[in-house]
Every structure is written in structure tokens, then in C-alpha cells.
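Let me begin by presenting the structure, written as C-alpha cells, before commenting on it.
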Amino acid sequence: MAWLAFAGALRAAREASTGLRSSRVPDAERPAGPGLRDRALAHTGLAARTLLDRLAALPPGPAGPEPPGDRPQVLRAVRDAARETADLLRSRAPAGDAHAELLRARTAMAAGPAADASPGVLRRHAVLLEAADAALAMSTGAGIAVRGRAGAARAAPGRFWYAGKRTPQLWWWRLWGHAGSRSVFFQNAVRLGLALAAARVIAGVDTLPHGFWVLLATLTLTRTTVRETRSTVRVALAGTLVGALLVAVLLALVGTDIAVYAAALAPLMLVAFTLGPVKGVGWAQAMFTLVVALVFAQLAPATWQLAEFRLLDVLVGSAIGAVFGLLAWPRGAQDELRRAVAVMLRGAAEVVVATTAQVAAGGVREPVLTAPGHRSLSHSLVLAESAYAQYHSEPRGLRASSGGSQDWQATLMAGHHALWGADRLLVPPERVFVPPLERGPAEAVTRLGDRVAGRMLLVSARLDPRGDTPRAPLALRDPASDGFAAEPPGAPQLYYTAASWLDALVTDLERIAGEAGEAGEAGDTPTLHDHA
């Protein structure tokens, strides 16, 4: 009975984790902006997914009474913090301060279990520590999202770097993070800017009647891929043609009776701006053609030729958009997502190797903001997340043909897990000396780090659209030996903490390649959050 209850709870946890994917959140509700609230909500969702994953991976407790500071205190504190976070997000007043209780339990747990603890206890302790950290991050993120800067008092300066920033500063970080040719935002801005410049020149040189309609058509019909632009232009031209025919008939019948146009304008605008966004671009262009015709018919005498001018301007503007959609990054985010993820995974591999080397070597740990390599990997994550966001806004057919079965959300999770794990292992709350590992544990953790980094590089090469990349399926775990289950004699808690982190990264890599049984997102409809 207990096993069935556990299996049901595990299944519910996995379903809840899948529901937290940014691709499952409606566009209008998705926290993708640069502001404090959106960043904090995205951070909360990421931490919640990490917490669910860590709880699902929690090893069984030892037989008999559990040691103090383990399940009775820490898991109850995690449970209470999760309930408090849910109440906070539902705008309910929390009954107590579960965050503070969890922080105290986590601090006590960080001291480590008894010196003679078995490897099983140490391994469980490491996963519990990760779960507690994820619950603290989830609670902190929710507090910032609901209370704003007032909830930033508990925020760690490295992970929640944005907590004390003002909105103009956060917008500046967003702009700075995308000021480069590898950003899809930058590519979209360049494509649209060039198209509008060309439209302005053509409208001015050819003295097209109502030439600003050319610019408006270019602005509204240019899409991020040439395929989507082509299909949008086709529907828009059909809608404009229908609208132009109706305008020609209306102007021919009514003539210069301004009162008729004035009476029809308000209800027509209501219908146009209500149905247009719902029915699609064809309806929007047809209705907008009618609206502008009624407006111009009141400003000056108009004939049926106004409809002809409208159709000509939309045709010219859409042609300009199609040309620049073909010349400037015609595939949109299709290739850029692969490239950005590949670069991010290479950066994560560097962080993994550097972190495990420092864990093995020991030394003085300073309470700096972030671990080495954090800044460059964070910037790679910014670009990967923005490419992922655009990728899911593009036509489903392109996504299915170019995305394969890769779980792109898992690649972003792997990047975040690499950052968080390195900070947890190398950035203490205060200055401390960490003794080097003994030879056996040091060799084991270094070997694990090299293996995980190597798998990251293989996945990176497989995803990168440039050059000769491996196409064969990747065995992400060595079938001959599972080093994550190794128990080197004399291995301290630090070894098992690092091994647990590396094991979680390999699980992320398995999901990227679709080997963990989790469906890919090629048919989903993102982003987490950017942080510079």
C-alpha cells in the first residue's frame, strides 16, 4: 500500500514538473519580461522543477531510526516552505515563517552527518541538501515576485542578482545581454530595421500614394522566418484584396456622403479590433482596409482608386518584408537555438571540469558572489533562452522538422544546474578552508567530472548545426561502469555532494537526447529568465 502511494505521488510530481515547463504556459501569462516580477516568477518555476526532480531522486532512508537533522526536520521544513510558497503565490497570508525554519534546518544539515556515517547516508544527505537549496530558492523567488524589492532581503546576491535592481537597470541588462549578432532579438531588430529603411526609400522614391501603408505592411507582416513570412503575406494579401473590393463597392455607392462614413466608422472599428486578433492576419488586413478607407473618405473626397492604392502599398510592403526575410537569417531561431545551446553546453563543460578539480584540490573558499565561469555561462544561457522562446513562436512544421526529439527545456535546466551546483560547492557563506580529498575520492570525482564534461561536449557537437557533427546515438552513461554509484574508501560528504550534482547533470543530458523517456518538445508551444 505504501509503495502504491509513493508511486502515485511520484507520478503526480512528474506531471507537476512537466506542467511547470515554460512551453506549457500560455503566451499572455508567461513570465518573459526583464522586470523584477517576471524574473522572480521564472526563477520560482525553475526552482520548483529542480525541487521535484531532487525529491523524486531521493534515495531511501536507512533502516531503523533516522539520524537527527535528516528526514524528520529537513523534509518537513521543505514541505512547509512549499505550502507557504503556494499560499504566497495565491495571495494568502502565510501562517508562519517556513522559509526561516527551512534555512535553519538547512544550516544544521550543512554541518554534515556523523563522522562514521555510511555512504548511503552521505548520498542521501547530499540529495537532501540539493532539495533544501531548491526549496529555499523557490521560496525566495516567490517572495520577490509577490513583494518586490521588499522580499529581496532573503535573496542570495549571486543567484538573485536582480533582486536589488531597479526596472531601468534590468532593462539595461536585457539590452546589454542581447547586443551581439548571436542574439535572435538582435537579428530580428536588424532584419526589421533594414526592411523598414528599404520601404521608406521605395515609398519616397516612387512617390507611392499613402506611402506610409508600405511601411506599416512591412512592419506587421515581416516574420522571423522566410517560410512564415511567405505564408503570412499570402493570407494578408488575400484579406487585403477582399477588403479592397468591399471598399471599392462602398465608395462607388456612397460617393462623398461623409455622414455615412462617420456613422459606420465607430462600429466598424469595434468589430475590426475585436475580430482581427482572433481571426488572424487575413481578417485583420481586410477589416483594417475598410477602417482606413472610411477615415480617408472623411478627410478628402475619395474614389474607388483608394482601394487600389491600399492593395498596391500592401503588396509592395509585404514583398519588401519577404525579401529581407530571405536575406537576413531566413531560418529564424531554427539554427540559432542549436548553436546557442551548443555554446552553452561547452561553457557548462568548462564549469564542470573546473569545479570538480577545485573540489578535489581543496583550498581556501572565499564568499564571492559566484563561482568561476559563472558570468560567461550565464550569458550563454541568456542567448539560449531567447532563442528557445522564439523557436516556440515559429510555425510548428518548422519546429518538428528541425528540432527532432530534443528536449530543449532540459538543455536550459542543465545550464542552470551547472551554475547552481558550482556555486553550492565553491561559494561558502563565509571564508573557510576545505581540506583536499584523499587520493581515491579525488581521482573518482575528477573522473566523474571529466566524464560528464565529455558527454556535454558530445551532445554539444551533435546539436551544433555547423561543420561535421556526430549523428550516431550517444551513450550518455558508460555501460561498463556506473561511477556515480562508487563509494571510495574515506570519501567525505563533499565527494557525495559533488557526485550527486554530476549525476543530476547526466540525467539532464539524457533528457536532451530523449533517452529518459520524457517526450521532446517539438510540438509544444517558452522562456525561463535571463540573467547577465
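Identifiers in this document derive from the order of the C-alpha cells: chains are assigned A, B, ..., residues are numbered from 1 separately in each chain, and ligands are numbered from 1 in order of occurrence.
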Output as a VMD selection string all residues of region 192-376 of chain A that backbone DSSP marks as alpha helix (DSSP H).
chain A and resid 192 to 205 212 to 221 226 to 254 258 to 279 281 to 299 305 to 327 333 to 361 374 to 376
Restricting the output to C-alpha atoms, write the selected residues as a CSV table (one decimal), in the first residue's frame.
```csv
chain,number,residue,atom,x,y,z
A,192,LEU,CA,13.1,44.6,-39.5
A,193,GLY,CA,15.2,47.8,-39.4
A,194,LEU,CA,16.7,47.1,-42.9
A,195,ALA,CA,13.3,46.2,-44.2
A,196,LEU,CA,11.7,49.4,-42.9
A,197,ALA,CA,14.6,51.5,-44.3
A,198,ALA,CA,14.1,50.0,-47.7
A,199,ALA,CA,10.4,50.5,-47.5
A,200,ARG,CA,10.9,54.2,-46.7
A,201,VAL,CA,13.3,54.7,-49.6
A,202,ILE,CA,11.0,52.9,-52.1
A,203,ALA,CA,7.9,54.8,-50.9
A,204,GLY,CA,9.7,58.1,-51.2
A,205,VAL,CA,11.5,57.5,-54.5
A,212,PHE,CA,3.2,55.0,-45.0
A,213,TRP,CA,1.0,52.0,-45.7
A,214,VAL,CA,4.1,50.4,-47.2
A,215,LEU,CA,6.0,50.8,-44.0
A,216,LEU,CA,3.0,49.6,-42.0
A,217,ALA,CA,2.7,46.5,-44.1
A,218,THR,CA,6.4,45.8,-43.8
A,219,LEU,CA,6.3,46.2,-40.0
A,220,THR,CA,3.2,44.0,-39.5
A,221,LEU,CA,3.9,41.2,-42.0
A,226,VAL,CA,11.1,33.3,-44.6
A,227,ARG,CA,8.6,30.4,-44.6
A,228,GLU,CA,6.4,32.1,-42.0
A,229,THR,CA,6.7,35.5,-43.8
A,230,ARG,CA,5.6,33.9,-47.1
A,231,SER,CA,2.6,32.2,-45.6
A,232,THR,CA,1.6,35.3,-43.7
A,233,VAL,CA,2.0,37.5,-46.8
A,234,ARG,CA,-0.2,35.1,-48.8
A,235,VAL,CA,-3.1,35.3,-46.3
A,236,ALA,CA,-2.6,39.1,-45.8
A,237,LEU,CA,-2.8,39.8,-49.5
A,238,ALA,CA,-6.0,37.7,-49.8
A,239,GLY,CA,-7.5,39.6,-46.9
A,240,THR,CA,-6.4,43.0,-48.3
A,241,LEU,CA,-7.9,42.1,-51.7
A,242,VAL,CA,-11.3,41.2,-50.2
A,243,GLY,CA,-11.2,44.4,-48.2
A,244,ALA,CA,-10.2,46.5,-51.2
A,245,LEU,CA,-13.1,45.1,-53.2
A,246,LEU,CA,-15.5,45.9,-50.5
A,247,VAL,CA,-14.0,49.5,-50.2
A,248,ALA,CA,-14.3,50.0,-54.0
A,249,VAL,CA,-18.0,49.0,-53.9
A,250,LEU,CA,-18.7,51.1,-50.8
A,251,LEU,CA,-17.0,54.2,-52.3
A,252,ALA,CA,-18.7,53.8,-55.6
A,253,LEU,CA,-22.2,53.5,-54.0
A,254,VAL,CA,-21.9,56.1,-51.2
A,258,ILE,CA,-19.4,61.9,-45.2
A,259,ALA,CA,-22.2,61.3,-42.7
A,260,VAL,CA,-22.5,57.6,-43.8
A,261,TYR,CA,-18.7,57.1,-43.3
A,262,ALA,CA,-18.8,58.8,-39.9
A,263,ALA,CA,-21.7,56.7,-38.7
A,264,ALA,CA,-20.2,53.4,-39.9
A,265,LEU,CA,-16.6,54.1,-38.6
A,266,ALA,CA,-17.1,53.5,-34.9
A,267,PRO,CA,-18.9,50.2,-35.1
A,268,LEU,CA,-16.6,49.0,-37.8
A,269,MET,CA,-13.5,49.8,-35.7
A,270,LEU,CA,-15.0,47.9,-32.8
A,271,VAL,CA,-15.6,44.9,-35.0
A,272,ALA,CA,-12.1,45.2,-36.7
A,273,PHE,CA,-10.1,45.4,-33.5
A,274,THR,CA,-12.1,42.7,-31.8
A,275,LEU,CA,-12.2,40.1,-34.6
A,276,GLY,CA,-8.8,40.9,-36.2
A,277,PRO,CA,-6.5,39.5,-33.4
A,278,VAL,CA,-8.8,36.4,-33.0
A,279,LYS,CA,-9.5,35.5,-36.7
A,281,VAL,CA,-3.9,38.2,-40.2
A,282,GLY,CA,-6.3,37.8,-43.2
A,283,TRP,CA,-9.3,39.1,-41.3
A,284,ALA,CA,-7.2,41.8,-39.7
A,285,GLN,CA,-6.0,43.2,-43.1
A,286,ALA,CA,-9.5,43.1,-44.6
A,287,MET,CA,-11.0,44.9,-41.7
A,288,PHE,CA,-8.2,47.4,-41.4
A,289,THR,CA,-8.5,48.2,-45.1
A,290,LEU,CA,-12.2,49.1,-44.5
A,291,VAL,CA,-11.3,51.2,-41.5
A,292,VAL,CA,-8.6,53.3,-43.2
A,293,ALA,CA,-10.8,53.8,-46.2
A,294,LEU,CA,-13.6,55.2,-44.1
A,295,VAL,CA,-11.2,57.5,-42.3
A,296,PHE,CA,-9.6,58.9,-45.5
A,297,ALA,CA,-13.0,59.3,-47.1
A,298,GLN,CA,-13.9,61.7,-44.4
A,299,LEU,CA,-10.7,63.7,-44.7
A,305,GLN,CA,-9.0,54.1,-56.6
A,306,LEU,CA,-8.3,54.4,-52.8
A,307,ALA,CA,-8.8,50.6,-52.6
A,308,GLU,CA,-6.3,50.2,-55.5
A,309,PHE,CA,-3.7,52.3,-53.7
A,310,ARG,CA,-4.2,50.3,-50.5
A,311,LEU,CA,-3.7,46.9,-52.3
A,312,LEU,CA,-0.6,48.2,-54.1
A,313,ASP,CA,1.0,49.5,-50.9
A,314,VAL,CA,0.4,46.3,-49.0
A,315,LEU,CA,1.8,44.3,-51.9
A,316,VAL,CA,5.0,46.4,-52.0
A,317,GLY,CA,5.4,46.4,-48.2
A,318,SER,CA,4.9,42.6,-48.0
A,319,ALA,CA,7.3,42.0,-50.9
A,320,ILE,CA,10.0,44.0,-49.1
A,321,GLY,CA,9.4,42.0,-45.9
A,322,ALA,CA,9.7,38.7,-47.8
A,323,VAL,CA,12.9,39.8,-49.5
A,324,PHE,CA,14.6,40.8,-46.2
A,325,GLY,CA,13.2,37.7,-44.5
A,326,LEU,CA,15.1,35.7,-47.2
A,327,LEU,CA,18.3,37.7,-47.0
A,333,ALA,CA,15.7,30.5,-34.5
A,334,GLN,CA,15.9,27.1,-36.0
A,335,ASP,CA,19.7,27.1,-36.4
A,336,GLU,CA,20.4,29.7,-33.7
A,337,LEU,CA,18.8,27.6,-31.0
A,338,ARG,CA,21.1,24.7,-31.8
A,339,ARG,CA,24.1,27.0,-32.0
A,340,ALA,CA,23.3,28.8,-28.7
A,341,VAL,CA,22.6,25.5,-26.8
A,342,ALA,CA,25.9,24.0,-28.2
A,343,VAL,CA,27.9,27.0,-26.9
A,344,MET,CA,26.1,26.9,-23.6
A,345,LEU,CA,26.9,23.2,-23.1
A,346,ARG,CA,30.5,23.8,-23.9
A,347,GLY,CA,30.6,26.5,-21.3
A,348,ALA,CA,28.9,24.2,-18.8
A,349,ALA,CA,31.5,21.5,-19.5
A,350,GLU,CA,34.2,24.0,-18.6
A,351,VAL,CA,32.4,24.8,-15.4
A,352,VAL,CA,32.1,21.1,-14.5
A,353,VAL,CA,35.8,20.4,-15.1
A,354,ALA,CA,36.9,23.5,-13.1
A,355,THR,CA,34.6,22.8,-10.2
A,356,THR,CA,35.5,19.1,-9.8
A,357,ALA,CA,39.2,20.0,-10.0
A,358,GLN,CA,38.8,22.5,-7.2
A,359,VAL,CA,36.7,20.1,-5.1
A,360,ALA,CA,39.5,17.5,-5.4
A,361,ALA,CA,42.3,20.0,-4.7
A,374,HIS,CA,29.5,31.8,-13.9
A,375,ARG,CA,29.3,35.0,-15.9
A,376,SER,CA,30.1,33.6,-19.3
```
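Residues in contact with Ala47 (chain A) at up to 7 Å, not including ones fewer than 3 positions away on its chain and judged by only C-alpha atoms, are His43, Thr44, Thr50, Leu51, Ala134, Ala135, Ala137 and Met138 of chain A.
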Taking all heavy atoms for each residue, export the selection above as a compact mmCIF listing (two decimals), in the first residue's frame.
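This went into again26.txt:
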```txt
# COMPACT_ATOMS: atom_id res chain seq x y z
N HIS A 43 12.23 32.29 -12.05
CA HIS A 43 13.17 31.67 -11.12
C HIS A 43 12.44 30.69 -10.20
O HIS A 43 12.93 29.60 -9.89
CB HIS A 43 13.86 32.76 -10.31
CG HIS A 43 15.23 32.38 -9.86
ND1 HIS A 43 16.25 33.28 -9.69
CD2 HIS A 43 15.77 31.18 -9.54
CE1 HIS A 43 17.33 32.67 -9.28
NE2 HIS A 43 17.07 31.38 -9.18
N THR A 44 11.25 31.09 -9.74
CA THR A 44 10.45 30.24 -8.86
C THR A 44 10.07 28.94 -9.57
O THR A 44 10.16 27.84 -9.00
CB THR A 44 9.19 30.98 -8.40
OG1 THR A 44 9.57 32.19 -7.74
CG2 THR A 44 8.38 30.11 -7.45
N THR A 50 13.32 21.89 -10.14
CA THR A 50 14.51 21.27 -9.56
C THR A 50 14.16 20.55 -8.27
O THR A 50 14.64 19.43 -8.02
CB THR A 50 15.58 22.35 -9.29
OG1 THR A 50 15.87 23.05 -10.50
CG2 THR A 50 16.85 21.72 -8.76
N LEU A 51 13.32 21.16 -7.44
CA LEU A 51 12.92 20.53 -6.18
C LEU A 51 12.19 19.22 -6.44
O LEU A 51 12.47 18.19 -5.79
CB LEU A 51 12.04 21.50 -5.39
CG LEU A 51 11.40 20.94 -4.12
CD1 LEU A 51 12.46 20.49 -3.12
CD2 LEU A 51 10.47 21.97 -3.49
N ALA A 134 16.94 24.03 -3.31
CA ALA A 134 15.92 24.33 -4.31
C ALA A 134 14.67 24.90 -3.66
O ALA A 134 14.06 25.84 -4.19
CB ALA A 134 15.58 23.07 -5.10
N ALA A 135 14.28 24.36 -2.51
CA ALA A 135 13.10 24.89 -1.81
C ALA A 135 13.35 26.31 -1.32
O ALA A 135 12.44 27.17 -1.37
CB ALA A 135 12.74 23.98 -0.64
N ALA A 137 15.39 28.49 -2.75
CA ALA A 137 15.35 29.34 -3.93
C ALA A 137 13.91 29.57 -4.40
O ALA A 137 13.54 30.68 -4.79
CB ALA A 137 16.16 28.70 -5.06
N MET A 138 13.09 28.54 -4.35
CA MET A 138 11.68 28.67 -4.74
C MET A 138 10.96 29.65 -3.82
O MET A 138 10.22 30.53 -4.29
CB MET A 138 11.01 27.30 -4.68
CG MET A 138 9.53 27.30 -5.02
SD MET A 138 8.82 25.64 -4.85
CE MET A 138 8.90 25.43 -3.05
```
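Minimum atom-to-atom distances from A:Ala48, A:Leu36, A:Ala93, A:Leu494 to Pro168 (chain A) were compared using only C-alpha atoms, and the lowest value belongs to A:Leu36.
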Of A:Ser139, A:Thr224, A:Thr411, A:Asp53, the one sitting nearest Arg191 (chain A) when using only C-alpha atoms is A:Thr224
Could you tell me which of A:Asp87, A:Gly440, A:Leu129, A:Leu426 comes closest to Leu75 (chain A) if we count only C-alpha atoms?
A:Leu129
Skipping near chain neighbours, those fewer than 2 positions away, what residues fall within 12 Å of Leu175 (chain A) using only C-alpha atoms, listed as a PyMOL selection string?
chain A and resi 33-34+168-173+177-180+183+185-186+189+382-383+530-532
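Proximity to Pro113 (chain A) was assessed for A:Glu366, A:Val427, A:Arg455, A:Leu128 counting only C-alpha atoms; the smallest distance is recorded for A:Leu128.
Candidate residues A:Arg154, A:Arg39, A:Arg149, A:Arg54 were compared for distance to Ala100 (chain A), and the nearest is A:Arg154, using only C-alpha atoms.
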Near Ala442 (chain A), counting only C-alpha atoms, which residues have an atom at most 12 Å away, once you skip same-chain residues fewer than 2 positions from it, shown as a VMD selection string?
chain A and resid 356 to 362 435 to 440 444 to 449 487 to 492 494 to 496 498 to 499
Could you write out that same residue set with C-alpha atoms as a PDB file, in the first residue's frame?
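Just written: again_5.pdb:
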```
ATOM      1  CA  THR A 356      35.481  19.108  -9.785  1.00  0.00           C
ATOM      2  CA  ALA A 357      39.173  19.996  -9.984  1.00  0.00           C
ATOM      3  CA  GLN A 358      38.753  22.539  -7.177  1.00  0.00           C
ATOM      4  CA  VAL A 359      36.693  20.088  -5.115  1.00  0.00           C
ATOM      5  CA  ALA A 360      39.495  17.534  -5.388  1.00  0.00           C
ATOM      6  CA  ALA A 361      42.275  20.040  -4.684  1.00  0.00           C
ATOM      7  CA  GLY A 362      40.619  21.777  -1.726  1.00  0.00           C
ATOM      8  CA  PRO A 435      40.910  20.118   3.000  1.00  0.00           C
ATOM      9  CA  PRO A 436      41.864  18.309  -0.225  1.00  0.00           C
ATOM     10  CA  LEU A 437      40.263  14.953  -0.894  1.00  0.00           C
ATOM     11  CA  GLU A 438      42.226  11.792  -0.371  1.00  0.00           C
ATOM     12  CA  ARG A 439      43.660  10.154  -3.463  1.00  0.00           C
ATOM     13  CA  GLY A 440      40.798   7.694  -4.060  1.00  0.00           C
ATOM     14  CA  ALA A 444      36.900   9.380  -8.538  1.00  0.00           C
ATOM     15  CA  VAL A 445      35.333  12.866  -8.534  1.00  0.00           C
ATOM     16  CA  THR A 446      37.771  14.130 -11.173  1.00  0.00           C
ATOM     17  CA  ARG A 447      36.982  11.128 -13.367  1.00  0.00           C
ATOM     18  CA  LEU A 448      33.249  11.729 -12.953  1.00  0.00           C
ATOM     19  CA  GLY A 449      33.646  15.419 -13.802  1.00  0.00           C
ATOM     20  CA  GLU A 487      31.909   4.554  -2.775  1.00  0.00           C
ATOM     21  CA  PRO A 488      35.637   5.301  -2.482  1.00  0.00           C
ATOM     22  CA  PRO A 489      37.038   4.486   0.959  1.00  0.00           C
ATOM     23  CA  GLY A 490      37.317   7.588   3.131  1.00  0.00           C
ATOM     24  CA  ALA A 491      35.148   9.744   0.833  1.00  0.00           C
ATOM     25  CA  PRO A 492      33.732  12.709   2.803  1.00  0.00           C
ATOM     26  CA  LEU A 494      31.838  16.843  -0.147  1.00  0.00           C
ATOM     27  CA  TYR A 495      32.526  13.964  -2.532  1.00  0.00           C
ATOM     28  CA  TYR A 496      28.943  12.702  -2.415  1.00  0.00           C
ATOM     29  CA  ALA A 498      29.655  16.668  -5.993  1.00  0.00           C
ATOM     30  CA  ALA A 499      28.712  13.177  -7.260  1.00  0.00           C
TER      31      ALA A 499
END
```
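Take the candidates A:Leu369, A:Ala126, A:Leu46, A:Ala111 and check each one against Met413 (chain A) using only C-alpha atoms; the shortest distance goes to A:Leu46.
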